[in-house]
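K.L.:
Sharing model_3.tsv here; it has TSV, C-alpha atoms.
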chain	number	residue	atom	x	y	z
X	912	SER	CA	-28.60	-7.43	0.34
X	913	LYS	CA	-26.36	-10.45	0.02
X	914	ASN	CA	-28.65	-12.15	-2.47
X	915	GLN	CA	-28.94	-9.21	-4.82
X	916	VAL	CA	-27.09	-9.82	-8.09
X	917	HIS	CA	-24.59	-7.05	-8.83
X	918	ARG	CA	-23.65	-6.34	-12.41
X	919	ARG	CA	-19.90	-6.59	-12.98
X	920	GLY	CA	-18.37	-3.16	-12.82
X	921	GLU	CA	-20.69	-1.68	-10.20
X	922	TYR	CA	-19.24	-1.07	-6.75
X	923	ASN	CA	-20.80	0.10	-3.52
X	924	VAL	CA	-19.29	0.97	-0.15
X	925	TYR	CA	-19.04	-2.26	1.83
X	926	SER	CA	-17.99	-0.93	5.21
X	927	THR	CA	-16.55	2.19	6.82
X	928	PHE	CA	-14.89	2.31	10.22
X	929	GLN	CA	-12.48	4.46	12.19
X	930	SER	CA	-9.14	2.67	12.36
X	931	HIS	CA	-7.04	4.98	14.55
X	932	GLU	CA	-7.68	7.94	16.83
X	933	PRO	CA	-5.36	10.95	17.24
X	934	GLU	CA	-3.00	10.52	20.21
X	935	PHE	CA	-0.42	12.60	22.02
X	936	ASP	CA	3.03	11.36	23.06
X	937	TYR	CA	3.63	13.27	26.28
X	938	LEU	CA	7.25	12.13	26.62
X	939	LYS	CA	8.21	13.67	23.29
X	940	SER	CA	5.51	16.36	23.10
X	941	LEU	CA	4.50	14.87	19.77
X	942	GLU	CA	1.07	14.61	18.23
X	943	ILE	CA	0.41	11.24	16.59
X	944	GLU	CA	-2.05	11.67	13.75
X	945	GLU	CA	-4.83	9.18	13.06
X	946	LYS	CA	-3.96	9.01	9.35
X	947	ILE	CA	-3.37	5.51	8.00
X	948	ASN	CA	0.03	4.92	6.39
X	949	LYS	CA	-0.50	1.37	5.11
X	950	ILE	CA	-3.17	-1.36	4.87
X	951	ARG	CA	-2.37	-5.02	4.22
X	952	TRP	CA	-4.93	-7.80	3.77
X	953	LEU	CA	-4.45	-11.26	5.23
X	954	PRO	CA	-5.42	-14.31	3.13
X	955	GLN	CA	-9.06	-15.18	3.70
X	956	GLN	CA	-9.47	-18.30	5.88
X	957	ASN	CA	-13.23	-18.14	6.54
X	958	ALA	CA	-16.22	-15.87	5.87
X	959	ALA	CA	-14.59	-12.93	7.67
X	960	TYR	CA	-11.92	-10.60	6.30
X	961	PHE	CA	-8.79	-9.68	8.27
X	962	LEU	CA	-6.57	-6.68	7.62
X	963	LEU	CA	-3.64	-4.86	9.21
X	964	SER	CA	-3.67	-1.08	9.33
X	965	THR	CA	-1.04	1.25	10.74
X	966	ASN	CA	-0.57	4.91	11.51
X	967	ASP	CA	2.84	6.36	12.47
X	968	LYS	CA	3.19	4.31	15.67
X	969	THR	CA	0.53	1.61	16.14
X	970	VAL	CA	-0.44	-1.43	14.03
X	971	LYS	CA	-3.93	-2.92	14.44
X	972	LEU	CA	-5.39	-6.22	13.27
X	973	TRP	CA	-9.05	-5.82	12.24
X	974	LYS	CA	-11.75	-8.41	11.63
X	975	VAL	CA	-14.49	-7.38	9.21
X	976	SER	CA	-17.48	-9.75	9.38
X	977	GLU	CA	-21.11	-9.91	8.23
X	978	ARG	CA	-24.29	-10.51	10.24
X	979	ASP	CA	-27.57	-11.17	8.46
X	980	LYS	CA	-29.37	-13.16	11.18
X	981	ARG	CA	-30.29	-12.31	14.74
X	982	PRO	CA	-31.31	-14.61	17.60
X	983	GLU	CA	-34.85	-14.20	18.97
X	984	GLY	CA	-36.89	-15.89	21.68
X	985	TYR	CA	-34.57	-15.73	24.68
X	986	ASN	CA	-35.93	-17.10	27.94
X	987	LEU	CA	-34.20	-14.72	30.36
X	988	LYS	CA	-34.41	-11.55	28.24
X	989	ASP	CA	-37.32	-9.70	26.71
X	990	GLU	CA	-37.34	-8.45	23.11
X	991	GLU	CA	-35.66	-5.18	24.20
X	992	GLY	CA	-32.76	-7.13	25.72
X	993	ARG	CA	-33.67	-6.39	29.37
X	994	LEU	CA	-33.40	-9.22	31.92
X	995	ARG	CA	-36.77	-10.71	32.93
X	996	ASP	CA	-37.76	-11.72	36.43
X	997	PRO	CA	-37.21	-15.51	36.57
X	998	ALA	CA	-40.39	-15.87	38.66
X	999	THR	CA	-42.49	-14.70	35.68
X	1000	ILE	CA	-41.08	-17.36	33.33
X	1001	THR	CA	-43.53	-20.24	33.13
X	1002	THR	CA	-42.50	-21.89	29.84
X	1003	LEU	CA	-39.23	-22.57	28.13
X	1004	ARG	CA	-38.73	-21.85	24.46
X	1005	VAL	CA	-35.94	-22.55	22.00
X	1006	PRO	CA	-34.27	-19.40	20.63
X	1007	VAL	CA	-34.36	-19.13	16.83
X	1008	LEU	CA	-32.34	-17.21	14.24
X	1009	ARG	CA	-34.35	-14.74	12.16
X	1010	PRO	CA	-33.14	-12.97	8.98
X	1011	MET	CA	-32.26	-9.28	9.33
X	1012	ASP	CA	-30.72	-6.54	7.19
X	1013	LEU	CA	-27.07	-7.22	6.44
X	1014	MET	CA	-24.72	-5.61	8.96
X	1015	VAL	CA	-20.98	-5.35	8.46
X	1016	GLU	CA	-19.02	-5.14	11.72
X	1017	ALA	CA	-15.35	-4.22	12.13
X	1018	THR	CA	-13.72	-5.27	15.40
X	1019	PRO	CA	-10.09	-4.73	16.46
X	1020	ARG	CA	-8.65	-8.14	17.33
X	1021	ARG	CA	-5.06	-7.12	18.18
X	1022	VAL	CA	-3.25	-3.85	18.87
X	1023	PHE	CA	0.53	-3.88	18.32
X	1024	ALA	CA	1.91	-0.74	19.98
X	1025	ASN	CA	5.00	0.82	21.60
X	1026	ALA	CA	7.63	-0.79	19.35
X	1027	HIS	CA	8.62	2.06	17.03
X	1028	THR	CA	10.52	5.21	17.91
X	1029	TYR	CA	10.21	6.58	14.38
X	1030	HIS	CA	7.31	6.72	11.91
X	1031	ILE	CA	6.14	3.38	10.48
X	1032	ASN	CA	6.34	3.44	6.66
X	1033	SER	CA	5.66	-0.23	5.77
X	1034	ILE	CA	3.95	-3.38	6.97
X	1035	SER	CA	4.19	-6.73	5.19
X	1036	VAL	CA	2.49	-10.06	5.93
X	1037	ASN	CA	4.78	-13.09	5.75
X	1038	SER	CA	3.96	-16.11	3.58
X	1039	ASP	CA	3.80	-18.29	6.72
X	1040	TYR	CA	0.73	-16.19	7.75
X	1041	GLU	CA	1.94	-16.35	11.35
X	1042	THR	CA	4.21	-13.32	11.32
X	1043	TYR	CA	4.44	-9.88	9.79
X	1044	MET	CA	6.98	-7.08	9.84
X	1045	SER	CA	6.70	-3.34	10.41
X	1046	ALA	CA	9.40	-0.92	9.27
X	1047	ASP	CA	10.18	2.63	10.33
X	1048	ASP	CA	12.98	4.97	9.22
X	1049	LEU	CA	15.75	3.08	11.05
X	1050	ARG	CA	14.42	-0.28	12.23
X	1051	ILE	CA	12.39	-3.28	11.08
X	1052	ASN	CA	10.47	-5.38	13.64
X	1053	LEU	CA	9.10	-8.90	13.25
X	1054	TRP	CA	5.79	-9.67	15.00
X	1055	ASN	CA	3.77	-12.80	15.67
X	1056	PHE	CA	0.03	-12.25	15.11
X	1057	GLU	CA	-0.76	-13.82	18.49
X	1058	ILE	CA	1.72	-11.75	20.55
X	1059	THR	CA	1.08	-8.03	20.96
X	1060	ASN	CA	3.50	-7.08	23.72
X	1061	GLN	CA	6.73	-8.31	22.13
X	1062	SER	CA	8.44	-8.05	18.75
X	1063	PHE	CA	11.88	-9.00	17.42
X	1064	ASN	CA	14.12	-6.33	15.95
X	1065	ILE	CA	15.52	-7.84	12.72
X	1066	VAL	CA	17.11	-4.74	11.12
X	1067	ASP	CA	18.66	-1.76	12.91
X	1068	ILE	CA	20.57	0.82	10.86
X	1069	LYS	CA	20.64	3.48	13.57
X	1070	PRO	CA	24.24	4.74	13.95
X	1071	ALA	CA	25.76	5.19	17.42
X	1072	ASN	CA	26.04	8.90	16.65
X	1073	MET	CA	22.93	10.30	14.91
X	1074	GLU	CA	25.11	12.94	13.21
X	1075	GLU	CA	26.57	10.11	11.13
X	1076	LEU	CA	23.13	9.17	9.76
X	1077	THR	CA	23.32	9.02	5.96
X	1078	GLU	CA	20.30	6.95	4.93
X	1079	VAL	CA	16.88	5.79	6.14
X	1080	ILE	CA	14.65	2.80	5.38
X	1081	THR	CA	11.86	3.79	2.96
X	1082	ALA	CA	9.96	0.51	2.31
X	1083	ALA	CA	10.13	-3.21	3.16
X	1084	GLU	CA	8.40	-6.35	1.91
X	1085	PHE	CA	8.48	-10.11	2.48
X	1086	HIS	CA	9.14	-12.56	-0.37
X	1087	PRO	CA	5.78	-13.99	-1.60
X	1088	HIS	CA	6.84	-17.65	-1.14
X	1089	HIS	CA	9.97	-17.86	1.05
X	1090	CYS	CA	9.13	-16.89	4.63
X	1091	ASN	CA	12.78	-16.31	5.53
X	1092	THR	CA	13.50	-13.70	2.84
X	1093	PHE	CA	12.63	-10.00	2.70
X	1094	VAL	CA	13.85	-6.83	1.03
X	1095	TYR	CA	14.07	-3.25	2.16
X	1096	SER	CA	14.90	-0.10	0.22
X	1097	SER	CA	16.71	3.03	1.31
X	1098	SER	CA	16.77	6.76	0.65
X	1099	LYS	CA	20.09	6.23	-1.16
X	1100	GLY	CA	18.38	4.27	-3.94
X	1101	THR	CA	19.68	0.87	-2.79
X	1102	ILE	CA	17.83	-2.39	-2.09
X	1103	ARG	CA	18.99	-5.01	0.39
X	1104	LEU	CA	17.81	-8.63	0.31
X	1105	CYS	CA	18.04	-10.29	3.74
X	1106	ASP	CA	17.77	-13.92	4.88
X	1107	MET	CA	16.52	-14.47	8.42
X	1108	ARG	CA	18.19	-17.88	8.51
X	1109	ALA	CA	21.63	-16.23	8.41
X	1110	SER	CA	21.37	-14.43	11.77
X	1111	ALA	CA	18.83	-13.08	14.22
X	1112	LEU	CA	19.75	-9.47	13.37
X	1113	CYS	CA	19.85	-9.04	9.59
X	1114	ASP	CA	22.33	-6.16	9.58
X	1115	ARG	CA	24.39	-7.98	6.98
X	1116	HIS	CA	22.43	-8.27	3.75
X	1117	THR	CA	22.54	-11.34	1.51
X	1118	LYS	CA	22.29	-9.32	-1.70
X	1119	PHE	CA	22.74	-5.62	-2.42
X	1120	PHE	CA	21.09	-4.07	-5.48
X	1121	GLU	CA	22.38	-0.72	-6.70
X	1122	GLU	CA	22.73	0.96	-10.07
X	1123	PRO	CA	25.91	3.02	-10.43
X	1124	GLU	CA	25.09	6.67	-11.09
X	1125	ASP	CA	26.04	8.25	-14.40
X	1126	PRO	CA	28.36	11.17	-13.43
X	1127	SER	CA	27.10	13.23	-16.38
X	1128	ASN	CA	23.56	13.22	-14.91
X	1129	ARG	CA	24.65	14.29	-11.43
X	1130	SER	CA	22.88	17.36	-10.04
X	1131	PHE	CA	21.84	19.00	-6.77
X	1132	PHE	CA	18.66	16.86	-6.80
X	1133	SER	CA	20.31	13.50	-7.61
X	1134	GLU	CA	20.16	12.15	-4.05
X	1135	ILE	CA	16.52	13.19	-3.53
X	1136	ILE	CA	15.18	11.74	-6.78
X	1137	SER	CA	17.14	8.48	-6.37
X	1138	SER	CA	15.40	7.73	-3.03
X	1139	ILE	CA	13.16	4.66	-3.44
X	1140	SER	CA	9.54	5.25	-2.39
X	1141	ASP	CA	8.19	1.72	-2.95
X	1142	VAL	CA	9.49	-1.83	-3.41
X	1143	LYS	CA	7.37	-4.80	-4.55
X	1144	PHE	CA	8.16	-8.45	-5.23
X	1145	SER	CA	6.62	-9.90	-8.38
X	1146	HIS	CA	3.97	-12.58	-7.79
X	1147	SER	CA	6.47	-15.18	-9.07
X	1148	GLY	CA	9.07	-14.01	-6.52
X	1149	ARG	CA	11.73	-13.78	-9.25
X	1150	TYR	CA	11.79	-9.99	-9.66
X	1151	ILE	CA	11.70	-6.84	-7.54
X	1152	MET	CA	10.15	-3.60	-8.74
X	1153	THR	CA	11.23	-0.27	-7.26
X	1154	ARG	CA	9.87	3.23	-7.74
X	1155	ASP	CA	11.97	6.36	-7.37
X	1156	TYR	CA	10.87	9.90	-8.23
X	1157	LEU	CA	11.27	9.70	-12.02
X	1158	THR	CA	11.49	5.99	-12.86
X	1159	VAL	CA	10.27	2.44	-12.20
X	1160	LYS	CA	12.95	-0.24	-12.26
X	1161	VAL	CA	12.64	-4.03	-12.42
X	1162	TRP	CA	15.47	-6.05	-10.87
X	1163	ASP	CA	16.24	-9.74	-11.30
X	1164	LEU	CA	17.04	-11.37	-7.94
X	1165	ASN	CA	20.04	-12.99	-9.59
X	1166	MET	CA	21.59	-9.73	-10.88
X	1167	GLU	CA	22.61	-7.10	-8.35
X	1168	ASN	CA	24.65	-4.60	-10.38
X	1169	ARG	CA	21.87	-3.04	-12.47
X	1170	PRO	CA	18.12	-3.35	-13.17
X	1171	ILE	CA	17.00	-5.44	-16.15
X	1172	GLU	CA	14.31	-2.88	-17.06
X	1173	THR	CA	13.99	0.88	-16.47
X	1174	TYR	CA	10.80	2.80	-17.31
X	1175	GLN	CA	10.62	6.60	-17.40
X	1176	VAL	CA	7.44	7.67	-15.60
X	1177	HIS	CA	7.56	11.44	-16.20
X	1178	ASP	CA	10.97	12.34	-17.62
X	1179	TYR	CA	9.56	15.70	-18.76
X	1180	LEU	CA	9.75	16.81	-15.08
X	1181	ARG	CA	13.56	16.68	-15.11
X	1182	SER	CA	13.66	20.35	-16.12
X	1183	LYS	CA	11.14	21.25	-13.40
X	1184	LEU	CA	12.98	19.76	-10.39
X	1185	CYS	CA	13.81	23.19	-8.97
X	1186	SER	CA	10.17	24.29	-8.67
X	1187	LEU	CA	9.13	20.77	-7.51
X	1188	TYR	CA	11.72	21.10	-4.73
X	1189	GLU	CA	10.33	24.48	-3.72
X	1190	ASN	CA	6.74	23.23	-3.45
X	1191	ASP	CA	7.87	19.97	-1.71
X	1192	CYS	CA	6.43	17.75	-4.46
X	1193	ILE	CA	9.88	16.24	-5.01
X	1194	PHE	CA	9.38	14.38	-1.70
X	1195	ASP	CA	6.12	12.69	-2.83
X	1196	LYS	CA	6.11	8.93	-2.32
X	1197	PHE	CA	4.57	7.13	-5.31
X	1198	GLU	CA	3.65	3.44	-5.11
X	1199	CYS	CA	3.90	0.88	-7.91
X	1200	VAL	CA	2.03	-2.40	-8.59
X	1201	TRP	CA	2.24	-5.52	-10.78
X	1202	ASN	CA	-0.72	-7.01	-12.62
X	1203	GLY	CA	-1.69	-10.61	-11.80
X	1204	SER	CA	0.68	-12.18	-14.37
X	1205	ASP	CA	3.64	-9.79	-13.74
X	1206	SER	CA	3.50	-8.68	-17.39
X	1207	VAL	CA	2.30	-5.09	-16.83
X	1208	ILE	CA	3.29	-2.57	-14.17
X	1209	MET	CA	1.43	0.54	-13.08
X	1210	THR	CA	2.36	3.65	-11.12
X	1211	GLY	CA	1.02	7.15	-10.54
X	1212	SER	CA	2.05	10.63	-11.63
X	1213	TYR	CA	0.79	14.24	-11.44
X	1214	ASN	CA	-2.31	15.86	-12.96
X	1215	ASN	CA	-4.21	12.68	-11.94
X	1216	PHE	CA	-2.25	10.77	-14.58
X	1217	PHE	CA	-1.21	7.17	-14.10
X	1218	ARG	CA	1.17	5.15	-16.23
X	1219	MET	CA	1.13	1.54	-17.45
X	1220	PHE	CA	4.12	-0.27	-18.94
X	1221	ASP	CA	3.79	-3.56	-20.82
X	1222	ARG	CA	6.97	-5.55	-20.15
X	1223	ASN	CA	6.52	-7.82	-23.19
X	1224	THR	CA	5.63	-5.34	-25.95
X	1225	LYS	CA	7.53	-2.41	-24.30
X	1226	ARG	CA	4.48	-0.24	-25.00
X	1227	ASP	CA	3.41	2.30	-22.40
X	1228	VAL	CA	0.34	4.47	-21.92
X	1229	THR	CA	-0.62	7.50	-19.84
X	1230	LEU	CA	-4.24	7.57	-18.60
X	1231	GLU	CA	-6.13	10.12	-16.55
X	1232	ALA	CA	-8.40	9.52	-13.56
X	1233	SER	CA	-10.80	12.46	-13.47
X	1234	ARG	CA	-14.48	13.03	-12.77
X	1235	GLU	CA	-15.06	14.22	-16.33
X	1236	ASN	CA	-14.15	10.86	-17.89
X	1237	SER	CA	-15.38	8.58	-15.10
X	1238	LYS	CA	-18.92	8.02	-16.33
X	1239	PRO	CA	-19.90	4.33	-16.49
X	1240	ARG	CA	-18.61	2.61	-19.64
X	1241	ALA	CA	-16.56	5.66	-20.63
X	1242	ILE	CA	-13.40	4.66	-22.47
X	1243	LEU	CA	-10.18	6.25	-21.22
X	1244	LYS	CA	-8.23	8.08	-23.89
X	1245	PRO	CA	-4.42	7.99	-23.74
X	1246	ARG	CA	-2.92	11.35	-22.72
X	1247	LYS	CA	0.32	12.91	-23.91
X	1248	VAL	CA	2.47	15.62	-22.35
X	1249	CYS	CA	4.44	17.90	-24.65
X	1250	VAL	CA	7.65	19.67	-23.67
X	1251	GLY	CA	8.21	23.01	-25.43
X	1252	GLY	CA	7.71	23.41	-29.17
X	1253	LYS	CA	4.33	23.21	-30.82
X	1254	ARG	CA	1.50	21.60	-28.88
X	1255	ARG	CA	-0.91	19.28	-30.67
X	1256	LYS	CA	-4.62	19.50	-29.99
X	1257	ASP	CA	-4.86	16.43	-27.75
X	1258	GLU	CA	-1.62	17.12	-25.84
X	1259	ILE	CA	-1.18	18.89	-22.52
X	1260	SER	CA	1.74	21.24	-21.90
X	1261	VAL	CA	4.15	20.35	-19.10
X	1262	ASP	CA	3.67	23.91	-17.78
X	1263	SER	CA	-0.08	23.43	-17.28
X	1264	LEU	CA	0.16	20.20	-15.22
X	1265	ASP	CA	-1.57	20.39	-11.84
X	1266	PHE	CA	0.91	19.18	-9.20
X	1267	SER	CA	-1.70	19.25	-6.43
X	1268	LYS	CA	-3.52	16.38	-8.21
X	1269	LYS	CA	-1.36	13.32	-7.73
X	1270	ILE	CA	-1.93	9.57	-7.81
X	1271	LEU	CA	0.23	8.04	-5.07
X	1272	HIS	CA	-1.74	4.80	-4.47
X	1273	THR	CA	-2.88	2.22	-7.03
X	1274	ALA	CA	-3.95	-1.44	-6.82
X	1275	TRP	CA	-4.44	-4.22	-9.37
X	1276	HIS	CA	-6.88	-7.12	-9.01
X	1277	PRO	CA	-4.92	-10.37	-8.42
X	1278	SER	CA	-6.48	-12.23	-11.35
X	1279	GLU	CA	-8.60	-9.86	-13.45
X	1280	ASN	CA	-7.88	-6.67	-15.37
X	1281	ILE	CA	-9.51	-4.41	-12.79
X	1282	ILE	CA	-7.55	-1.55	-11.24
X	1283	ALA	CA	-8.22	0.87	-8.39
X	1284	VAL	CA	-6.69	4.35	-8.53
X	1285	ALA	CA	-6.77	6.76	-5.59
X	1286	ALA	CA	-6.75	10.42	-6.61
X	1287	THR	CA	-6.81	12.64	-3.48
X	1288	ASN	CA	-10.26	11.90	-1.94
X	1289	ASN	CA	-11.71	10.02	-4.94
X	1290	LEU	CA	-11.36	6.31	-5.70
X	1291	TYR	CA	-11.65	5.31	-9.36
X	1292	ILE	CA	-12.15	1.70	-10.46
X	1293	PHE	CA	-11.42	0.88	-14.11
X	1294	GLN	CA	-11.66	-2.42	-15.89
X	1295	ASP	CA	-11.25	-4.08	-19.27
X	1296	LYS	CA	-13.96	-3.29	-21.76
X	1297	VAL	CA	-17.13	-5.19	-20.76
X	1298	ASN	CA	-19.17	-6.60	-23.67
Represent the supplied structure as structure tokens.

P.N.:
Amino acid sequence: SKNQVHRRGEYNVYSTFQSHEPEFDYLKSLEIEEKINKIRWLPQQNAAYFLLSTNDKTVKLWKVSERDKRPEGYNLKDEEGRLRDPATITTLRVPVLRPMDLMVEATPRRVFANAHTYHINSISVNSDYETYMSADDLRINLWNFEITNQSFNIVDIKPANMEELTEVITAAEFHPHHCNTFVYSSSKGTIRLCDMRASALCDRHTKFFEEPEDPSNRSFFSEIISSISDVKFSHSGRYIMTRDYLTVKVWDLNMENRPIETYQVHDYLRSKLCSLYENDCIFDKFECVWNGSDSVIMTGSYNNFFRMFDRNTKRDVTLEASRENSKPRAILKPRKVCVGGKRRKDEISVDSLDFSKKILHTAWHPSENIIAVAATNNLYIFQDKVN
């Protein structure tokens, strides 16, 4: 019930709905899965919620709204909803709204289809709230929320000869305040900042962020682990955070030649890259998030571990999202991974990590210290200690 008072820290399922259905592309003999690649919320303008969701090919705009009243006392319909014979109606009555159990309805308001040849990996809502962009491996399209049958191609990195293809787009995001600016990252570990005021097709970037590789660290896996899986603007719009396989980097928009901060997420896996390549884990795409004040960053790892880095104190912590320690009011204990040598009692050996348990998606509340961590098919919500 809407009026029931919920204690802080208790969460129930609000609504569940099917976003996409499996489809088949007959021209390419390709099955399009129903799995959702990305969800982005729109700012709330009224009592309803709006969100964008996308699978590999189609973006949908959903409206999620509540109904807790129903109209009764129609003149032309009976209580079952069937039409009455007008000849039997002898009096007119005014329909009234009666309270009913709360219903949450999800309705698709727009379907944006047929614009991507390759798999969509990112969607981002612009700060003008009129447009959004969708990115696949080689192109980025700009959409207007009101127009479903037309989009503008703003980035196209597809070479004339596909054999010359050397990199793909991995993630893209709009600047939080400037509606003309966006960034996109590539599989080569580079980030390009583009300005839509410069030209209609943003093939020439405004800024190019890349860290030169240390030749002494070069290996067979260098190109794979340098691929950026996520890029996020800070809330202030001053910094960009990127996640590659082993690190999180923070870049200042005014300094393109190297990041201002680099955080090692799981450096102990450097010696395990060969086996991670064999079991395909090296291609996992981890996301990263800022807290509300841009002072702490969070990202996932293996064994249901997730990492937090405090940018001010330079302290970091590894926490675990598991069913054993997810009882209400349980306090999370920091975890440590040991590499070789003698293992302490509270440490876990790098050889006993479970690589099938991985935290790819995390979210941080915009103003409070509440985080959501997705571990396979479980969602964990943690928060600051409640008195």

K.L.:
Quick one: residues within 12 Å of Glu1167 in chain X, all atoms listed in the file counted, chain neighbours fewer than 4 positions away excluded, as a ChimeraX atom specification?

P.N.:
/X:1101-1104,1117-1123,1150-1151,1161-1163,1171

K.L.:
Selection from above, C-alpha atoms, as a short mmCIF file (atom, residue, chain, number, x, y, z; two decimals), in the frame of the given file, can you write it?

P.N.:
data_model
loop_
_atom_site.label_atom_id
_atom_site.label_comp_id
_atom_site.auth_asym_id
_atom_site.auth_seq_id
_atom_site.Cartn_x
_atom_site.Cartn_y
_atom_site.Cartn_z
CA THR X 1101 19.68 0.87 -2.79
CA ILE X 1102 17.83 -2.39 -2.09
CA ARG X 1103 18.99 -5.01 0.39
CA LEU X 1104 17.81 -8.63 0.31
CA THR X 1117 22.54 -11.34 1.51
CA LYS X 1118 22.29 -9.32 -1.70
CA PHE X 1119 22.74 -5.62 -2.42
CA PHE X 1120 21.09 -4.07 -5.48
CA GLU X 1121 22.38 -0.72 -6.70
CA GLU X 1122 22.73 0.96 -10.07
CA PRO X 1123 25.91 3.02 -10.43
CA TYR X 1150 11.79 -9.99 -9.66
CA ILE X 1151 11.70 -6.84 -7.54
CA VAL X 1161 12.64 -4.03 -12.42
CA TRP X 1162 15.47 -6.05 -10.87
CA ASP X 1163 16.24 -9.74 -11.30
CA ILE X 1171 17.00 -5.44 -16.15
#

K.L.:
Do a neighbour search on range 983-998 of chain X at 8 Å with only C-alpha atoms, toss out local chain neighbours closer than 4 positions, and write the hits as a PyMOL selection string.

P.N.:
chain X and resi 1003-1009

K.L.:
Record the distance separating CA of Asn1165 in chain X and CA of Gly1211 in chain X, expressed in Å with one decimal.

P.N.:
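CA of Asn1165 in chain X sits 27.7 Å away from CA of Gly1211 in chain X.
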
K.L.:
Find the residues around Cys1249 in chain X up to 8 Å (only C-alpha atoms counted), leave out those fewer than 5 positions away in its own chain, and share them as a PyMOL selection string.

P.N.:
chain X and resi 1254+1258-1261

K.L.:
Name all residues at most 12 Å from Tyr1179 in chain X (count only C-alpha atoms; drop same-chain ones fewer than 5 positions away) and give them as a VMD selection string.

P.N.:
chain X and resid 1157 to 1158 1184 1212 to 1213 1247 to 1251 1259 to 1262 1264

K.L.:
Got time to write the residues from that selection, C-alpha atoms, as a PDB file, in the frame of the given file?

P.N.:
ATOM      1  CA  LEU X1157      11.270   9.700 -12.020  1.00  0.00           C
ATOM      2  CA  THR X1158      11.490   5.990 -12.860  1.00  0.00           C
ATOM      3  CA  LEU X1184      12.980  19.760 -10.390  1.00  0.00           C
ATOM      4  CA  SER X1212       2.050  10.630 -11.630  1.00  0.00           C
ATOM      5  CA  TYR X1213       0.790  14.240 -11.440  1.00  0.00           C
ATOM      6  CA  LYS X1247       0.320  12.910 -23.910  1.00  0.00           C
ATOM      7  CA  VAL X1248       2.470  15.620 -22.350  1.00  0.00           C
ATOM      8  CA  CYS X1249       4.440  17.900 -24.650  1.00  0.00           C
ATOM      9  CA  VAL X1250       7.650  19.670 -23.670  1.00  0.00           C
ATOM     10  CA  GLY X1251       8.210  23.010 -25.430  1.00  0.00           C
ATOM     11  CA  ILE X1259      -1.180  18.890 -22.520  1.00  0.00           C
ATOM     12  CA  SER X1260       1.740  21.240 -21.900  1.00  0.00           C
ATOM     13  CA  VAL X1261       4.150  20.350 -19.100  1.00  0.00           C
ATOM     14  CA  ASP X1262       3.670  23.910 -17.780  1.00  0.00           C
ATOM     15  CA  LEU X1264       0.160  20.200 -15.220  1.00  0.00           C
TER      16      LEU X1264
END

K.L.:
What does the distance between CA of Thr1273 in chain X and CA of Asn1168 in chain X come to in Å, to one decimal place?

P.N.:
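It comes out at 28.6 Å.
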
K.L.:
Compare X:Tyr1174, X:Tyr1043, X:Phe961, X:Phe1131 by their minimum atom-to-atom distance to Thr1059 in chain X, counting all atoms listed in the file, and give me the closest one.

P.N.:
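Nearest to Thr1059 in chain X: X:Tyr1043.
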